[in-house]
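Heads up, protein32.cif below (mmCIF, C-alpha atoms and all ligand atoms):
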data_structure
#
loop_
_atom_site.label_atom_id
_atom_site.label_comp_id
_atom_site.auth_asym_id
_atom_site.auth_seq_id
_atom_site.Cartn_x
_atom_site.Cartn_y
_atom_site.Cartn_z
CA MET A 292 0.00 0.00 0.00
CA LYS A 293 1.36 3.44 -0.96
CA ILE A 294 1.03 6.24 1.56
CA PHE A 295 0.41 9.87 0.58
CA ASP A 296 -0.71 13.04 2.36
CA VAL A 297 -3.57 13.59 -0.10
CA ILE A 298 -5.30 11.46 -2.73
CA VAL A 299 -6.98 13.49 -5.47
CA VAL A 300 -9.43 11.42 -7.50
CA GLY A 301 -9.84 12.78 -11.04
CA ALA A 302 -7.54 15.06 -13.03
CA GLY A 303 -10.00 17.49 -14.59
CA PRO A 304 -9.58 21.22 -13.82
CA GLY A 305 -10.82 20.73 -10.24
CA GLY A 306 -8.48 17.85 -9.38
CA SER A 307 -5.43 19.31 -11.10
CA ALA A 308 -5.95 22.69 -9.38
CA ALA A 309 -6.09 21.01 -5.96
CA ALA A 310 -3.16 18.70 -6.68
CA TYR A 311 -1.04 21.54 -8.06
CA GLY A 312 -1.60 23.80 -5.03
CA LEU A 313 -0.82 21.05 -2.54
CA ALA A 314 2.16 19.57 -4.37
CA ALA A 315 3.69 23.04 -4.79
CA LEU A 316 3.61 23.37 -0.99
CA GLY A 317 5.41 20.08 -0.52
CA PHE A 318 2.44 17.78 0.19
CA LYS A 319 2.80 14.23 -1.08
CA VAL A 320 -0.10 14.05 -3.53
CA ALA A 321 -1.45 11.17 -5.61
CA LEU A 322 -3.50 12.45 -8.57
CA VAL A 323 -5.43 9.46 -9.92
CA GLU A 324 -7.05 9.70 -13.37
CA ARG A 325 -9.04 6.94 -15.04
CA LYS A 326 -8.12 8.06 -18.56
CA THR A 327 -4.71 8.59 -20.14
CA PHE A 328 -3.81 12.11 -21.28
CA PRO A 329 -4.45 13.61 -23.73
CA ARG A 330 -8.12 12.72 -23.20
CA GLU A 331 -11.38 14.29 -24.38
CA LYS A 332 -13.94 15.88 -22.07
CA LEU A 333 -17.12 17.07 -23.74
CA CYS A 334 -17.27 20.81 -23.14
CA GLY A 335 -17.79 24.10 -25.00
CA GLY A 336 -14.34 25.14 -23.83
CA LEU A 337 -15.45 28.70 -23.05
CA LEU A 338 -13.31 30.32 -20.37
CA SER A 339 -14.71 33.50 -18.86
CA ALA A 340 -12.66 36.31 -17.32
CA ARG A 341 -13.55 34.66 -14.00
CA ALA A 342 -11.89 31.44 -15.21
CA GLN A 343 -8.88 33.39 -16.43
CA LYS A 344 -8.44 35.08 -13.02
CA GLU A 345 -8.81 31.78 -11.21
CA PHE A 346 -6.36 30.01 -13.52
CA MET A 347 -3.77 32.78 -13.12
CA GLN A 348 -4.14 32.79 -9.35
CA ILE A 349 -3.43 29.06 -9.20
CA PHE A 350 -1.01 28.32 -12.02
CA GLY A 351 0.52 31.74 -12.73
CA GLU A 352 -0.07 34.38 -15.38
CA ASN A 353 2.70 33.20 -17.67
CA LYS A 354 0.99 29.82 -18.21
CA TRP A 355 -2.27 31.35 -19.44
CA PRO A 356 -1.50 32.25 -23.10
CA ALA A 357 -0.74 28.62 -23.95
CA MET A 358 -4.26 27.60 -22.81
CA VAL A 359 -6.13 29.83 -25.23
CA GLU A 360 -6.81 28.97 -28.86
CA ARG A 361 -9.10 31.88 -29.62
CA THR A 362 -10.39 35.06 -27.98
CA ALA A 363 -13.68 36.94 -28.43
CA GLN A 364 -14.66 40.41 -27.24
CA GLY A 365 -18.31 39.92 -26.34
CA ALA A 366 -21.37 37.83 -27.15
CA SER A 367 -24.61 37.86 -29.14
CA PHE A 368 -27.96 36.73 -27.77
CA TYR A 369 -30.84 35.24 -29.73
CA TYR A 370 -34.31 33.99 -29.01
CA GLN A 371 -34.69 30.93 -31.22
CA THR A 372 -33.48 32.34 -34.56
CA ARG A 373 -34.24 36.01 -33.78
CA TYR A 374 -31.30 38.26 -32.93
CA LEU A 375 -31.90 40.10 -29.66
CA ASN A 376 -28.78 42.08 -28.91
CA GLY A 377 -25.03 41.84 -28.60
CA VAL A 378 -21.96 43.53 -27.17
CA HIS A 379 -18.66 43.25 -28.98
CA ASP A 380 -16.26 45.45 -27.04
CA HIS A 381 -16.30 43.80 -23.64
CA GLN A 382 -13.70 41.97 -21.58
CA PRO A 383 -12.66 38.94 -23.53
CA PHE A 384 -14.00 35.42 -23.53
CA PHE A 385 -11.42 32.76 -24.23
CA PHE A 386 -11.77 29.42 -25.93
CA THR A 387 -9.78 26.30 -25.33
CA SER A 388 -10.06 22.67 -26.23
CA ARG A 389 -10.31 20.44 -23.20
CA ILE A 390 -8.07 17.77 -24.71
CA HIS A 391 -5.28 20.35 -24.53
CA PHE A 392 -6.32 22.32 -21.42
CA ASP A 393 -6.76 19.33 -19.11
CA ALA A 394 -3.53 17.67 -20.27
CA CYS A 395 -1.65 20.93 -19.56
CA LEU A 396 -3.15 21.27 -16.07
CA ALA A 397 -2.34 17.67 -15.16
CA ALA A 398 1.21 18.17 -16.46
CA LEU A 399 1.56 21.32 -14.33
CA ALA A 400 0.40 19.37 -11.26
CA ARG A 401 2.94 16.65 -12.03
CA GLU A 402 5.73 19.21 -12.53
CA ALA A 403 4.82 20.71 -9.15
CA GLY A 404 5.47 17.29 -7.62
CA ALA A 405 2.12 15.45 -7.72
CA TYR A 406 2.36 11.74 -8.45
CA LEU A 407 0.07 11.36 -11.51
CA LEU A 408 -1.42 7.90 -11.96
CA GLU A 409 -3.06 7.78 -15.41
CA GLY A 410 -5.33 5.06 -16.74
CA ILE A 411 -6.13 4.01 -13.17
CA VAL A 412 -9.67 3.96 -11.78
CA VAL A 413 -10.51 4.53 -8.13
CA THR A 414 -13.07 1.81 -7.52
CA SER A 415 -13.97 2.50 -3.89
CA LEU A 416 -13.31 4.55 -0.81
CA GLU A 417 -12.60 2.71 2.43
CA ALA A 418 -15.09 3.21 5.26
CA ASP A 419 -12.63 5.25 7.36
CA GLY A 420 -12.27 7.70 4.43
CA LYS A 421 -8.49 7.39 4.47
CA ALA A 422 -7.79 4.91 1.69
CA VAL A 423 -8.98 4.16 -1.84
CA ARG A 424 -8.95 0.95 -3.84
CA LEU A 425 -7.76 0.99 -7.44
CA ASN A 426 -8.80 -1.17 -10.38
CA ASN A 427 -5.27 -2.65 -10.52
CA GLY A 428 -5.89 -4.25 -7.12
CA LYS A 429 -3.67 -1.77 -5.27
CA MET A 430 -4.61 0.56 -2.48
CA LEU A 431 -3.56 4.12 -1.66
CA LYS A 432 -3.72 5.61 1.81
CA ALA A 433 -3.78 9.28 2.87
CA ASP A 434 -5.06 11.62 5.56
CA PHE A 435 -7.13 13.54 2.99
CA VAL A 436 -9.17 12.59 -0.07
CA VAL A 437 -10.33 15.09 -2.68
CA GLY A 438 -13.22 13.87 -4.84
CA ALA A 439 -12.70 15.63 -8.18
CA ASP A 440 -14.19 12.80 -10.19
CA GLY A 441 -16.89 14.68 -12.04
CA VAL A 442 -20.64 14.48 -12.33
CA ARG A 443 -20.79 10.73 -11.63
CA SER A 444 -18.50 10.99 -8.62
CA ARG A 445 -17.79 7.73 -6.84
CA ILE A 446 -16.39 9.61 -3.89
CA ALA A 447 -19.63 11.62 -3.51
CA GLU A 448 -21.61 8.41 -3.73
CA ALA A 449 -19.39 6.69 -1.17
CA ILE A 450 -20.10 9.40 1.38
CA LEU A 451 -23.78 9.35 0.43
CA LEU A 452 -23.75 12.70 -1.32
CA HIS A 453 -25.04 11.73 -4.73
CA THR A 454 -23.77 14.36 -7.11
CA ALA A 455 -26.79 15.41 -9.10
CA SER A 456 -30.37 14.53 -8.33
CA LYS A 457 -32.30 13.60 -11.48
CA LYS A 458 -34.29 16.82 -11.09
CA ASN A 459 -31.22 19.02 -11.52
CA LEU A 460 -29.27 16.93 -13.96
CA ALA A 461 -28.82 18.40 -17.42
CA LEU A 462 -27.72 16.84 -20.67
CA GLY A 463 -25.37 18.70 -23.00
CA LEU A 464 -25.04 17.72 -26.67
CA GLU A 465 -22.31 19.02 -28.94
CA ILE A 466 -20.76 18.72 -32.36
CA GLU A 467 -17.62 20.30 -33.79
CA VAL A 468 -18.29 21.78 -37.22
CA PRO A 469 -15.04 22.15 -39.21
CA LEU A 470 -14.76 25.68 -40.64
CA GLU A 471 -14.35 24.32 -44.16
CA LEU A 472 -17.85 22.80 -43.96
CA THR A 473 -19.66 26.05 -43.23
CA THR A 474 -20.04 29.52 -44.64
CA LYS A 475 -21.48 30.75 -41.34
CA THR A 476 -19.25 33.36 -39.73
CA VAL A 477 -19.07 33.35 -35.94
CA VAL A 478 -16.82 35.95 -34.37
CA ASP A 479 -18.17 36.13 -30.82
CA PRO A 480 -20.01 33.39 -28.91
CA GLU A 481 -23.70 33.13 -29.79
CA ILE A 482 -26.23 32.17 -27.11
CA TYR A 483 -29.69 30.92 -28.14
CA LEU A 484 -32.54 31.10 -25.66
CA GLY A 485 -35.84 29.36 -26.33
CA VAL A 486 -34.30 26.35 -28.07
CA ALA A 487 -34.02 24.01 -25.09
CA LYS A 488 -36.21 24.19 -22.02
CA TRP A 489 -34.35 25.25 -18.86
CA GLY A 490 -31.18 25.57 -20.86
CA TYR A 491 -29.93 27.12 -24.07
CA GLY A 492 -28.05 26.56 -27.29
CA TRP A 493 -24.60 27.89 -28.20
CA ILE A 494 -22.23 28.37 -31.09
CA PHE A 495 -18.64 29.06 -30.06
CA PRO A 496 -15.87 30.13 -32.44
CA LYS A 497 -12.76 27.97 -32.23
CA LYS A 498 -9.55 28.01 -34.22
CA GLU A 499 -10.54 25.32 -36.72
CA THR A 500 -14.14 24.54 -35.81
CA GLN A 501 -17.37 25.99 -34.51
CA THR A 502 -18.51 24.21 -31.35
CA VAL A 503 -22.27 23.89 -31.58
CA GLY A 504 -24.20 22.69 -28.58
CA ILE A 505 -27.42 22.58 -26.67
CA GLY A 506 -28.04 21.82 -23.03
CA GLY A 507 -31.03 21.65 -20.74
CA LEU A 508 -32.52 19.89 -17.74
CA LEU A 509 -33.22 16.26 -18.54
CA THR A 510 -36.67 16.30 -16.96
CA LYS A 511 -37.77 19.23 -19.16
CA ASN A 512 -36.25 17.98 -22.41
CA PRO A 513 -37.29 14.38 -22.99
CA ASP A 514 -36.04 14.44 -26.60
CA LEU A 515 -33.11 16.85 -26.62
CA LYS A 516 -31.55 15.03 -29.59
CA SER A 517 -34.46 16.03 -31.91
CA THR A 518 -34.36 19.58 -30.55
CA PHE A 519 -30.65 19.67 -31.34
CA ASN A 520 -31.21 18.35 -34.87
CA THR A 521 -33.71 21.16 -35.51
CA PHE A 522 -31.23 23.71 -34.11
CA LEU A 523 -28.49 22.35 -36.36
CA ARG A 524 -30.70 22.42 -39.47
CA GLN A 525 -31.65 26.05 -38.75
CA HIS A 526 -28.02 27.13 -38.64
CA TYR A 527 -26.18 24.77 -40.93
CA GLY A 528 -28.78 23.27 -43.29
CA SER A 529 -27.77 19.72 -43.98
CA LEU A 530 -24.42 18.74 -42.56
CA PRO A 531 -22.47 15.61 -43.36
CA ASN A 532 -22.63 13.08 -40.61
CA ILE A 533 -20.69 14.64 -37.74
CA ARG A 534 -20.80 12.61 -34.56
CA CYS A 535 -22.91 14.22 -31.86
CA LYS A 536 -21.64 13.63 -28.34
CA GLY A 537 -23.50 13.99 -25.07
CA TYR A 538 -22.55 14.30 -21.43
CA HIS A 539 -24.34 15.07 -18.20
CA LEU A 540 -23.79 18.11 -16.04
CA PRO A 541 -25.10 18.99 -12.59
CA PHE A 542 -27.30 22.01 -13.25
CA GLY A 543 -28.61 23.47 -10.02
CA SER A 544 -27.67 20.62 -7.70
CA TYR A 545 -24.65 22.13 -5.97
CA LYS A 546 -23.78 20.75 -2.56
CA ARG A 547 -24.14 23.01 0.44
CA ASN A 548 -22.08 20.55 2.46
CA PRO A 549 -19.46 19.32 -0.02
CA GLY A 550 -17.79 16.48 1.80
CA ARG A 551 -17.31 14.74 5.10
CA ALA A 552 -14.55 15.51 7.63
CA ASN A 553 -11.28 14.85 5.71
CA ILE A 554 -13.02 14.13 2.37
CA LEU A 555 -13.69 17.17 0.18
CA LEU A 556 -15.63 17.33 -3.08
CA VAL A 557 -14.73 19.84 -5.79
CA GLY A 558 -16.03 20.83 -9.23
CA ASP A 559 -18.79 18.74 -10.80
CA ALA A 560 -18.48 16.19 -7.98
CA ALA A 561 -19.79 18.95 -5.68
CA GLY A 562 -22.36 19.98 -8.32
CA LEU A 563 -20.54 23.25 -9.05
CA VAL A 564 -21.92 24.13 -12.45
CA GLU A 565 -23.43 27.60 -12.44
CA PRO A 566 -27.24 27.16 -12.46
CA VAL A 567 -27.93 29.73 -15.22
CA THR A 568 -24.89 29.83 -17.49
CA GLY A 569 -23.67 26.24 -17.16
CA GLU A 570 -20.13 27.49 -16.54
CA GLY A 571 -18.13 24.87 -14.65
CA ILE A 572 -14.40 25.16 -15.35
CA ALA A 573 -13.87 28.31 -13.27
CA PHE A 574 -15.73 26.86 -10.28
CA ALA A 575 -13.93 23.52 -10.56
CA MET A 576 -10.57 25.33 -10.38
CA GLN A 577 -11.78 27.66 -7.61
CA SER A 578 -13.11 24.82 -5.46
CA GLY A 579 -9.91 22.85 -6.11
CA ARG A 580 -7.90 25.82 -4.87
CA LEU A 581 -10.14 26.25 -1.80
CA ALA A 582 -9.97 22.52 -0.99
CA ALA A 583 -6.17 22.68 -1.11
CA LYS A 584 -6.20 25.69 1.21
CA ALA A 585 -8.51 23.89 3.66
CA ILE A 586 -6.28 20.82 3.66
CA VAL A 587 -3.23 22.97 4.41
CA ALA A 588 -5.09 24.53 7.36
CA ALA A 589 -6.36 21.18 8.70
CA ALA A 590 -2.92 19.58 8.34
CA GLY A 591 -1.35 22.58 10.08
CA ALA A 592 -3.79 22.16 12.96
CA GLY A 593 -2.99 18.44 13.09
CA GLN A 594 -6.70 17.68 12.60
CA PRO A 595 -7.44 16.14 9.20
CA GLU A 596 -11.11 15.73 10.21
CA SER A 597 -11.46 19.51 10.37
CA ALA A 598 -10.78 19.96 6.62
CA LEU A 599 -14.47 20.28 5.74
CA LYS A 600 -14.91 22.96 8.40
CA TYR A 601 -12.09 25.02 6.84
CA TYR A 602 -13.35 24.35 3.31
CA LEU A 603 -16.86 25.54 4.15
CA ARG A 604 -15.61 28.95 5.28
CA GLU A 605 -14.65 30.01 1.76
CA TYR A 606 -16.89 27.65 -0.19
CA GLN A 607 -19.79 29.79 1.07
CA SER A 608 -18.94 32.45 -1.52
CA ILE A 609 -19.71 29.93 -4.28
CA VAL A 610 -22.91 28.80 -2.54
CA SER A 611 -24.03 32.39 -2.22
CA LEU A 612 -23.52 33.09 -5.96
CA PHE A 613 -25.19 29.81 -6.93
CA SER A 614 -28.22 30.38 -4.72
CA GLN A 615 -28.75 33.79 -6.36
CA ALA A 616 -28.35 32.12 -9.77
CA LYS A 617 -30.96 29.56 -8.80
CA MET A 618 -33.42 32.40 -8.18
CA MET A 619 -32.45 34.03 -11.46
CA ARG A 620 -33.31 30.78 -13.26
CA TYR A 621 -36.97 31.44 -12.53
CA LEU A 622 -36.73 34.79 -14.35
CA VAL A 623 -34.88 33.42 -17.36
CA PHE A 624 -36.02 29.86 -18.09
CA PRO A 625 -39.76 29.22 -17.48
CA ASP A 626 -41.94 30.17 -20.43
CA PRO A 627 -43.85 33.32 -19.42
CA MET A 628 -40.84 34.83 -17.60
CA GLN A 629 -38.49 34.01 -20.44
CA ARG A 630 -40.68 35.95 -22.86
CA LEU A 631 -40.55 38.95 -20.53
CA PHE A 632 -36.76 38.70 -20.16
CA VAL A 633 -36.37 38.34 -23.91
CA SER A 634 -38.62 41.37 -24.52
CA LEU A 635 -36.18 43.53 -22.51
CA LEU A 636 -32.96 42.56 -24.24
CA PRO A 637 -33.43 44.25 -27.66
CA HIS A 638 -34.02 47.59 -25.90
CA SER A 639 -31.09 47.47 -23.55
CA LYS A 640 -27.43 47.00 -24.45
CA GLY A 641 -26.84 47.81 -20.78
CA MET A 642 -28.52 44.55 -19.77
CA VAL A 643 -26.32 42.57 -22.13
CA ARG A 644 -23.20 44.38 -20.97
CA LYS A 645 -24.09 43.81 -17.31
CA TYR A 646 -24.71 40.15 -18.04
CA LEU A 647 -21.20 39.89 -19.40
CA ASP A 648 -19.94 41.71 -16.27
CA LEU A 649 -21.71 39.05 -14.27
CA LEU A 650 -20.01 36.27 -16.23
CA ALA A 651 -16.68 37.95 -15.54
CA GLY A 652 -17.49 37.87 -11.80
CA GLU A 653 -17.63 41.66 -11.53
CA ILE A 654 -21.23 41.94 -10.38
CA ASP A 655 -23.55 39.38 -8.85
CA TYR A 656 -27.09 38.25 -9.62
CA LYS A 657 -28.55 40.57 -6.99
CA ASP A 658 -27.19 43.56 -8.96
CA TYR A 659 -28.42 42.02 -12.19
CA MET A 660 -31.92 41.30 -10.91
CA GLN A 661 -32.17 44.88 -9.63
CA LEU A 662 -31.28 46.19 -13.08
CA MET A 663 -33.80 43.84 -14.65
CA MET A 664 -36.58 45.04 -12.34
CA LYS A 665 -35.70 48.67 -13.14
CA LYS A 666 -35.87 47.99 -16.89
CA LEU A 667 -39.11 46.12 -16.44
CA GLY A 668 -40.56 49.03 -14.45
CA SER A 669 -39.64 51.59 -17.10
CA ARG A 670 -41.06 49.35 -19.88
CA ILE A 671 -44.37 49.15 -18.03
CA ILE A 672 -44.45 52.97 -17.63
CA VAL A 673 -43.67 53.47 -21.35
CA ALA A 674 -46.38 50.95 -22.30
CA ARG A 675 -48.93 52.96 -20.29
C1 LIG B 1 -21.72 19.75 -23.19
C2 LIG B 1 -21.02 20.52 -22.09
C3 LIG B 1 -20.49 21.78 -22.38
C4 LIG B 1 -19.84 22.51 -21.37
N1 LIG B 1 -19.29 23.72 -21.70
C5 LIG B 1 -18.63 24.42 -20.75
C6 LIG B 1 -17.96 25.64 -21.10
O1 LIG B 1 -17.95 26.06 -22.27
N2 LIG B 1 -17.32 26.33 -20.11
C7 LIG B 1 -17.30 25.88 -18.81
O2 LIG B 1 -16.75 26.57 -17.94
N3 LIG B 1 -17.90 24.70 -18.47
C8 LIG B 1 -18.54 23.96 -19.40
N4 LIG B 1 -19.10 22.75 -19.06
C9 LIG B 1 -18.95 22.25 -17.68
C10 LIG B 1 -17.53 21.71 -17.46
O3 LIG B 1 -17.19 20.81 -18.48
C11 LIG B 1 -17.42 21.01 -16.10
O4 LIG B 1 -18.05 21.77 -15.11
C12 LIG B 1 -15.95 20.79 -15.72
O5 LIG B 1 -15.34 19.89 -16.60
C13 LIG B 1 -15.83 20.25 -14.29
O6 LIG B 1 -14.49 19.94 -14.00
P1 LIG B 1 -14.15 18.81 -12.93
O7 LIG B 1 -12.67 18.82 -12.79
O8 LIG B 1 -14.99 18.97 -11.74
O9 LIG B 1 -14.65 17.44 -13.59
P2 LIG B 1 -14.28 16.76 -14.97
O10 LIG B 1 -13.77 17.73 -15.93
O11 LIG B 1 -15.46 15.94 -15.34
O12 LIG B 1 -13.07 15.80 -14.58
C14 LIG B 1 -13.28 14.66 -13.78
C15 LIG B 1 -12.12 13.70 -14.03
O13 LIG B 1 -12.22 12.60 -13.14
C16 LIG B 1 -11.90 11.40 -13.83
N5 LIG B 1 -12.55 10.31 -13.09
C17 LIG B 1 -13.87 10.08 -12.96
N6 LIG B 1 -14.09 9.01 -12.17
C18 LIG B 1 -12.87 8.56 -11.80
C19 LIG B 1 -12.43 7.47 -10.98
N7 LIG B 1 -13.31 6.65 -10.39
N8 LIG B 1 -11.11 7.28 -10.82
C20 LIG B 1 -10.21 8.11 -11.42
N9 LIG B 1 -10.56 9.15 -12.19
C21 LIG B 1 -11.88 9.38 -12.38
C22 LIG B 1 -12.48 11.64 -15.22
O14 LIG B 1 -11.89 10.79 -16.19
C23 LIG B 1 -12.14 13.12 -15.44
O15 LIG B 1 -10.87 13.28 -16.02
C24 LIG B 1 -19.75 21.98 -20.04
C25 LIG B 1 -20.27 20.71 -19.76
C26 LIG B 1 -20.90 19.98 -20.77
C27 LIG B 1 -21.42 18.61 -20.46
#

The structure in this file should be written as structure tokens.
Ligand SMILES: Cc1cc2nc3c(=O)[nH]c(=O)nc-3n(C[C@H](O)[C@H](O)[C@H](O)COP(=O)(O)OP(=O)(O)OC[C@H]3O[C@@H](n4cnc5c(N)ncnc54)[C@H](O)[C@@H]3O)c2cc1C
Amino acid sequence: MKIFDVIVVGAGPGGSAAAYGLAALGFKVALVERKTFPREKLCGGLLSARAQKEFMQIFGENKWPAMVERTAQGASFYYQTRYLNGVHDHQPFFFTSRIHFDACLAALAREAGAYLLEGIVVTSLEADGKAVRLNNGKMLKADFVVGADGVRSRIAEAILLHTASKKNLALGLEIEVPLELTTKTVVDPEIYLGVAKWGYGWIFPKKETQTVGIGGLLTKNPDLKSTFNTFLRQHYGSLPNIRCKGYHLPFGSYKRNPGRANILLVGDAAGLVEPVTGEGIAFAMQSGRLAAKAIVAAAGAGQPESALKYYLREYQSIVSLFSQAKMMRYLVFPDPMQRLFVSLLPHSKGMVRKYLDLLAGEIDYKDYMQLMMKKLGSRIIVAR
């Protein structure tokens, strides 16, 4: 049996962020990943300014340029096929491909000193929460375990915190359209409301492709595949057979209590996908960083069991943003409210700009909802 200070299960952005921070401080870290890098992870690959800040805080500013394959200066919003509004001189959005991004992050964690075990699956967590079994029959032992194993987290399940209840589980579908197959020009990301229920569609510009996707709550979209086919036909006519891929994401099922004693959940394993935008990479890295910080504090106090207590102190900032976002969902997604929201957008660039500020982490949903109410009020007065 190998003995470490910390076992991190899963080397996505959440796991690599935690492993990097701990290894850089001299902790003996095992970073266990079921796949072998480079590996795919279905994702739009959009990195907001919030993600950029988080990345730079963890891995350093000089590592950032190599992560980005394309930059955009704003976004356009649509309701079904109707253009609503757009802003094209905002703080940038960045685009990456996860096959590259995740491999880089895992490599950075390894360079910092983490022991990266690739192609190895963690099959179970021991009852005392201080050892994991691997699919090669071996066992690893540590004072701390970080569950960074995504939406179907085994670690969350082992401590009876199932990651995403069916009610708040979304499905995302995507294809990559090679630029040579389309005449459609996409400069800034395009967001399409009204195409999936409790979700949206997107077209993101990449270096050699356009990433086209749709995502929405499973319970509200029993046949998302047909909805996606319609969306694709509207924008691309008939396309040659490009393989459509799908993956689940926790969408509104974030954990208020993300772990147990010395076991901490981060990223999708803790349900940390933003309940309106579906952004997950920034919060995976942020929670990975906060978990590392909590482990340092608990180890310093000589009380591994207190890690969750330390983690919760700063994790609250994510919970607070997500609970506001969960309220905002009721103004943006259900049918009558969505029509109202959509009716405001063409008349207000300010609302679009503020929305992008929100994505960058510069304002919160409380500020945004206030602005929305003000706009709504003035529309009602004008209508009278
Ligand atoms: C279609 C779609 C589009 C999206 N687009 C965006 C976007 O544009 N921008 C954005 O910010 N977010 C996006 N997201 C969300 C984002 O992909 C996730 O929130 C993010 O990947 C979470 O990171 P993570 O590290 O928590 O988990 P993951 O990235 O899922 O990584 C988990 C890792 O754990 C490994 N693993 C799992 N089980 C085990 C095990 N038992 N043993 C060992 N290893 C294991 C997996 O192989 C994987 O490498 C999208 C999601 C979907 C589904």

Using all atoms listed in the file, determine which residues fall within 7 Å of ligand LIG 1 (chain B), then list them as a tab-separated table (two decimals) with C-alpha atoms, keeping the file's coordinate frame.
chain	number	residue	atom	x	y	z
A	300	VAL	CA	-9.43	11.42	-7.50
A	301	GLY	CA	-9.84	12.78	-11.04
A	302	ALA	CA	-7.54	15.06	-13.03
A	303	GLY	CA	-10.00	17.49	-14.59
A	304	PRO	CA	-9.58	21.22	-13.82
A	305	GLY	CA	-10.82	20.73	-10.24
A	306	GLY	CA	-8.48	17.85	-9.38
A	323	VAL	CA	-5.43	9.46	-9.92
A	324	GLU	CA	-7.05	9.70	-13.37
A	325	ARG	CA	-9.04	6.94	-15.04
A	326	LYS	CA	-8.12	8.06	-18.56
A	332	LYS	CA	-13.94	15.88	-22.07
A	333	LEU	CA	-17.12	17.07	-23.74
A	334	CYS	CA	-17.27	20.81	-23.14
A	335	GLY	CA	-17.79	24.10	-25.00
A	336	GLY	CA	-14.34	25.14	-23.83
A	337	LEU	CA	-15.45	28.70	-23.05
A	338	LEU	CA	-13.31	30.32	-20.37
A	411	ILE	CA	-6.13	4.01	-13.17
A	412	VAL	CA	-9.67	3.96	-11.78
A	413	VAL	CA	-10.51	4.53	-8.13
A	414	THR	CA	-13.07	1.81	-7.52
A	439	ALA	CA	-12.70	15.63	-8.18
A	440	ASP	CA	-14.19	12.80	-10.19
A	441	GLY	CA	-16.89	14.68	-12.04
A	442	VAL	CA	-20.64	14.48	-12.33
A	443	ARG	CA	-20.79	10.73	-11.63
A	444	SER	CA	-18.50	10.99	-8.62
A	445	ARG	CA	-17.79	7.73	-6.84
A	462	LEU	CA	-27.72	16.84	-20.67
A	463	GLY	CA	-25.37	18.70	-23.00
A	464	LEU	CA	-25.04	17.72	-26.67
A	465	GLU	CA	-22.31	19.02	-28.94
A	504	GLY	CA	-24.20	22.69	-28.58
A	506	GLY	CA	-28.04	21.82	-23.03
A	537	GLY	CA	-23.50	13.99	-25.07
A	538	TYR	CA	-22.55	14.30	-21.43
A	539	HIS	CA	-24.34	15.07	-18.20
A	540	LEU	CA	-23.79	18.11	-16.04
A	557	VAL	CA	-14.73	19.84	-5.79
A	558	GLY	CA	-16.03	20.83	-9.23
A	559	ASP	CA	-18.79	18.74	-10.80
A	560	ALA	CA	-18.48	16.19	-7.98
A	563	LEU	CA	-20.54	23.25	-9.05
A	564	VAL	CA	-21.92	24.13	-12.45
A	569	GLY	CA	-23.67	26.24	-17.16
A	570	GLU	CA	-20.13	27.49	-16.54
A	571	GLY	CA	-18.13	24.87	-14.65
A	572	ILE	CA	-14.40	25.16	-15.35
A	573	ALA	CA	-13.87	28.31	-13.27
A	575	ALA	CA	-13.93	23.52	-10.56

Min atom-atom distance to Gln629 of chain A from the set A:Lys429, A:Arg524, A:Arg401, A:Lys488, counting all atoms listed in the file, belongs to A:Lys488

Pick out the residues sitting within 10 Å of segment 311-320 of chain A, and hand them over as a ChimeraX atom specification; count all atoms listed in the file, and ignore anything fewer than 6 positions along from it in its own chain. /A:294-299,349-350,396-407,433,435-436,579-584,586-587,590

Exercise: residues within 10 Å of coordinate (-27.3, 25.0, -43.3), counting all atoms listed in the file, as JSON, numbers by chain: {"A": [472, 473, 474, 475, 523, 524, 525, 526, 527, 528, 529, 530]}

Atom CA of Arg551 of chain A to atom CA of Ala589 of chain A measures 13.2 Å

Discussion item. I'd like the contact shell of Arg547 of chain A - 12 Å cut-off, all atoms listed in the file, skipping same-chain residues fewer than 6 positions apart - returned as number ranges by chain.
Written reply: A: 452, 454, 555-557, 561-563, 599, 602-614

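Shortest separation to Tyr621 of chain A among A:Ile554, A:Asp648, A:Gly490, A:Val478 occurs at residue A:Gly490, atoms counted being all atoms listed in the file.
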
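By all atoms listed in the file, and with residues fewer than 2 positions from His379 of chain A along its chain excluded, the set lying at most 7 Å from it is Gln364, Gly365, Ala366, Gly377 and His381 of chain A.
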
Using only C-alpha atoms, the residue out of A:Ala616, A:Ala487, A:Met347, A:Ile494 with shortest distance to Leu650 of chain A is A:Ala616

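As for atom CA of Ser339 of chain A and atom CA of Ser544 of chain A, they are spaced 21.4 Å apart.
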
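Considering all atoms listed in the file, the residue among A:Leu635, A:Ala357, A:Ala340, A:Ala592 positioned nearest to Glu653 of chain A is A:Ala340.
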
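Each of A:Phe495, A:Phe384, A:Tyr601, A:Phe624 was checked against Ala552 of chain A using only C-alpha atoms; the smallest atom-to-atom distance is that of A:Tyr601.
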
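We find atom CA of Glu331 of chain A and atom CA of Lys536 of chain A to be spaced 11.0 Å apart.
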
Using all atoms listed in the file, the shortest atom-to-atom distance to Trp355 of chain A among A:Phe632, A:Gly420, A:Tyr374, A:Phe385 belongs to A:Phe385

Item to complete: Counting only C-alpha atoms, note down every residue that has an atom within 10 Å of the point (-6.4, 22.3, -26.0) (file coordinates), as a PyMOL selection string.
Response: chain A and resi 329+331+336+357-360+386-395
